[in-house]
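Structure, as structure tokens:
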Amino acid sequence: MSLYNSRTLLANLIFILGFLTITNAQIESMQPGSFDDNIDFNIPSLPNSSDEAFEFINPQDQQEKFEQTLNRIMQQQIANQELKDLKNKGIVDKEKYYRQRLKTEMDAISNKLPIVDKDLGSVNTKSEYITIMCRDFAYPDGDTVSIVVDGEVRVRNVVLTKNYQQFIINLMEGVNTVSFVALNQGEYGPNTAAFMIFDELGNVLMSNQWNLATGAKATLYINRDK
């Protein structure tokens, strides 16, 4: 073999060995676990992403807050109406008013009241329901009423107390006839009740009271607009 051929062969061997070394190094670098564990690997953030925490709004909590606020509004309306009623009667002392009312009832014990129905008038509303708050405005003596809507008894045997009781009545479109029927006259008589009616936003639709004999009823008409 000539010297030229020997040099050529040696150069080719060196080239092949160099190529194999580089190739093996690239393959090893691609194997799992070949990265340095101390190298930080950061995932790029999504475009337009917000760093603010997402606040979950619970619909039930929101409904409860609305009902609590609505109840406070109605209670304030009741307090304002009671004060207005007392001022209209020239009485600013509630206890004095109750004593006068009790005396009137006691004087009427021996007198049989005629069964006379009372017309409470009519109101218009767009509300899907109303809230009725009622109580015995005189001395709580066991007066009992039922609430009848369009001939159907919705609330039975409500014993009126000193504090307001609350009832929710759904309304149909058109005229709704709501009646309070006196089931008795309590211990002293007559059946004495005060009531307030609110729409679904807490606005007062009506405020009134009655003195009824057993079997009589006080009726109002609520027109629900479309």
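Identifiers in this document derive from the order of the structure tokens: chains are assigned A, B, ..., residues are numbered from 1 separately in each chain, and ligands are numbered from 1 in order of occurrence.
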**OP:** Using backbone DSSP assignments, extract all strand (DSSP E or B) residues from segment 147-196 of chain A; output them as an MDAnalysis selection string.
**Re:** chainID A and resid 147:149 152:159 165:170 174:182 191:196
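The shortest atom-to-atom distance to Ser207 of chain A, with only C-alpha atoms taken into account, belongs to A:Cys134 out of A:Ile147, A:Ile115, A:Cys134, A:Val181.
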Atom CA of Asp225 of chain A to atom CA of Asn176 of chain A measures 10.9 Å
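Proximity of A:Asn223, A:Thr161, A:Gln166, A:Gln60 to Pro140 of chain A, computed with only C-alpha atoms, is greatest for A:Thr161.
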Got a sec: who's within 8 Å of Phe198 of chain A, counting only C-alpha atoms, leaving out chain neighbours fewer than 2 positions off, as number ranges by chain? A: 74, 130-132, 196, 200-206
Output all heavy atoms for every residue in the selection just made, as a PDB file, in the first residue's frame.
```pdb
ATOM      1  N   MET A  74     -89.532  46.226  55.582  1.00  0.00           N
ATOM      2  CA  MET A  74     -90.920  46.070  55.984  1.00  0.00           C
ATOM      3  C   MET A  74     -91.114  46.403  57.463  1.00  0.00           C
ATOM      4  O   MET A  74     -92.105  47.031  57.845  1.00  0.00           O
ATOM      5  CB  MET A  74     -91.399  44.651  55.675  1.00  0.00           C
ATOM      6  CG  MET A  74     -91.521  44.366  54.179  1.00  0.00           C
ATOM      7  SD  MET A  74     -92.354  42.794  53.798  1.00  0.00           S
ATOM      8  CE  MET A  74     -91.199  41.620  54.488  1.00  0.00           C
ATOM      9  N   ILE A 130     -97.384  38.974  47.208  1.00  0.00           N
ATOM     10  CA  ILE A 130     -97.466  40.002  48.247  1.00  0.00           C
ATOM     11  C   ILE A 130     -97.088  39.374  49.581  1.00  0.00           C
ATOM     12  O   ILE A 130     -97.167  38.153  49.748  1.00  0.00           O
ATOM     13  CB  ILE A 130     -98.877  40.613  48.352  1.00  0.00           C
ATOM     14  CG1 ILE A 130     -99.915  39.511  48.615  1.00  0.00           C
ATOM     15  CG2 ILE A 130     -99.222  41.427  47.117  1.00  0.00           C
ATOM     16  CD1 ILE A 130    -101.300  40.023  48.943  1.00  0.00           C
ATOM     17  N   THR A 131     -96.676  40.221  50.499  1.00  0.00           N
ATOM     18  CA  THR A 131     -96.406  39.782  51.865  1.00  0.00           C
ATOM     19  C   THR A 131     -97.408  40.454  52.786  1.00  0.00           C
ATOM     20  O   THR A 131     -97.530  41.675  52.803  1.00  0.00           O
ATOM     21  CB  THR A 131     -94.980  40.149  52.299  1.00  0.00           C
ATOM     22  OG1 THR A 131     -94.034  39.512  51.429  1.00  0.00           O
ATOM     23  CG2 THR A 131     -94.723  39.697  53.732  1.00  0.00           C
ATOM     24  N   ILE A 132     -98.152  39.640  53.532  1.00  0.00           N
ATOM     25  CA  ILE A 132     -99.145  40.162  54.473  1.00  0.00           C
ATOM     26  C   ILE A 132     -98.582  40.063  55.884  1.00  0.00           C
ATOM     27  O   ILE A 132     -98.126  38.994  56.311  1.00  0.00           O
ATOM     28  CB  ILE A 132    -100.464  39.377  54.385  1.00  0.00           C
ATOM     29  CG1 ILE A 132    -101.082  39.518  52.984  1.00  0.00           C
ATOM     30  CG2 ILE A 132    -101.447  39.854  55.449  1.00  0.00           C
ATOM     31  CD1 ILE A 132    -102.331  38.678  52.786  1.00  0.00           C
ATOM     32  N   MET A 196    -100.678  45.034  57.275  1.00  0.00           N
ATOM     33  CA  MET A 196     -99.985  45.791  56.242  1.00  0.00           C
ATOM     34  C   MET A 196     -99.654  44.825  55.117  1.00  0.00           C
ATOM     35  O   MET A 196     -99.338  43.653  55.357  1.00  0.00           O
ATOM     36  CB  MET A 196     -98.712  46.450  56.773  1.00  0.00           C
ATOM     37  CG  MET A 196     -98.966  47.515  57.827  1.00  0.00           C
ATOM     38  SD  MET A 196     -97.453  48.343  58.397  1.00  0.00           S
ATOM     39  CE  MET A 196     -97.056  49.331  56.940  1.00  0.00           C
ATOM     40  N   GLU A 200     -93.289  42.835  46.359  1.00  0.00           N
ATOM     41  CA  GLU A 200     -92.079  42.031  46.445  1.00  0.00           C
ATOM     42  C   GLU A 200     -90.818  42.869  46.675  1.00  0.00           C
ATOM     43  O   GLU A 200     -89.755  42.325  46.983  1.00  0.00           O
ATOM     44  CB  GLU A 200     -91.900  41.194  45.176  1.00  0.00           C
ATOM     45  CG  GLU A 200     -91.814  42.016  43.916  1.00  0.00           C
ATOM     46  CD  GLU A 200     -91.882  41.165  42.656  1.00  0.00           C
ATOM     47  OE1 GLU A 200     -92.443  40.048  42.710  1.00  0.00           O
ATOM     48  OE2 GLU A 200     -91.371  41.601  41.625  1.00  0.00           O
ATOM     49  N   LEU A 201     -90.913  44.187  46.560  1.00  0.00           N
ATOM     50  CA  LEU A 201     -89.776  45.079  46.810  1.00  0.00           C
ATOM     51  C   LEU A 201     -89.867  45.758  48.171  1.00  0.00           C
ATOM     52  O   LEU A 201     -89.023  46.580  48.515  1.00  0.00           O
ATOM     53  CB  LEU A 201     -89.672  46.133  45.702  1.00  0.00           C
ATOM     54  CG  LEU A 201     -89.427  45.604  44.291  1.00  0.00           C
ATOM     55  CD1 LEU A 201     -89.362  46.755  43.300  1.00  0.00           C
ATOM     56  CD2 LEU A 201     -88.145  44.777  44.230  1.00  0.00           C
ATOM     57  N   GLY A 202     -90.889  45.432  48.937  1.00  0.00           N
ATOM     58  CA  GLY A 202     -91.030  46.005  50.266  1.00  0.00           C
ATOM     59  C   GLY A 202     -91.810  47.300  50.310  1.00  0.00           C
ATOM     60  O   GLY A 202     -91.854  47.967  51.351  1.00  0.00           O
ATOM     61  N   ASN A 203     -92.449  47.671  49.220  1.00  0.00           N
ATOM     62  CA  ASN A 203     -93.285  48.872  49.205  1.00  0.00           C
ATOM     63  C   ASN A 203     -94.650  48.568  49.820  1.00  0.00           C
ATOM     64  O   ASN A 203     -95.231  47.505  49.573  1.00  0.00           O
ATOM     65  CB  ASN A 203     -93.476  49.388  47.769  1.00  0.00           C
ATOM     66  CG  ASN A 203     -92.160  49.756  47.114  1.00  0.00           C
ATOM     67  OD1 ASN A 203     -91.342  50.462  47.696  1.00  0.00           O
ATOM     68  ND2 ASN A 203     -91.938  49.256  45.902  1.00  0.00           N
ATOM     69  N   VAL A 204     -95.174  49.498  50.604  1.00  0.00           N
ATOM     70  CA  VAL A 204     -96.477  49.300  51.237  1.00  0.00           C
ATOM     71  C   VAL A 204     -97.585  49.503  50.212  1.00  0.00           C
ATOM     72  O   VAL A 204     -97.706  50.571  49.607  1.00  0.00           O
ATOM     73  CB  VAL A 204     -96.673  50.272  52.419  1.00  0.00           C
ATOM     74  CG1 VAL A 204     -98.056  50.075  53.032  1.00  0.00           C
ATOM     75  CG2 VAL A 204     -95.603  50.057  53.472  1.00  0.00           C
ATOM     76  N   LEU A 205     -98.398  48.465  50.014  1.00  0.00           N
ATOM     77  CA  LEU A 205     -99.546  48.574  49.120  1.00  0.00           C
ATOM     78  C   LEU A 205    -100.792  49.012  49.874  1.00  0.00           C
ATOM     79  O   LEU A 205    -101.638  49.718  49.326  1.00  0.00           O
ATOM     80  CB  LEU A 205     -99.813  47.227  48.428  1.00  0.00           C
ATOM     81  CG  LEU A 205     -98.717  46.704  47.492  1.00  0.00           C
ATOM     82  CD1 LEU A 205     -99.126  45.346  46.929  1.00  0.00           C
ATOM     83  CD2 LEU A 205     -98.456  47.690  46.361  1.00  0.00           C
ATOM     84  N   MET A 206    -100.919  48.581  51.138  1.00  0.00           N
ATOM     85  CA  MET A 206    -102.090  48.942  51.930  1.00  0.00           C
ATOM     86  C   MET A 206    -101.786  48.750  53.408  1.00  0.00           C
ATOM     87  O   MET A 206    -101.022  47.858  53.792  1.00  0.00           O
ATOM     88  CB  MET A 206    -103.294  48.087  51.531  1.00  0.00           C
ATOM     89  CG  MET A 206    -104.556  48.369  52.350  1.00  0.00           C
ATOM     90  SD  MET A 206    -105.993  47.409  51.800  1.00  0.00           S
ATOM     91  CE  MET A 206    -106.352  48.183  50.223  1.00  0.00           C
TER      92      MET A 206
END
```
The residue from A:Glu82, A:Asp136, A:Asp119, A:Glu128 with the smallest atom-to-atom distance to Ala193 of chain A, counting only C-alpha atoms, is A:Asp136
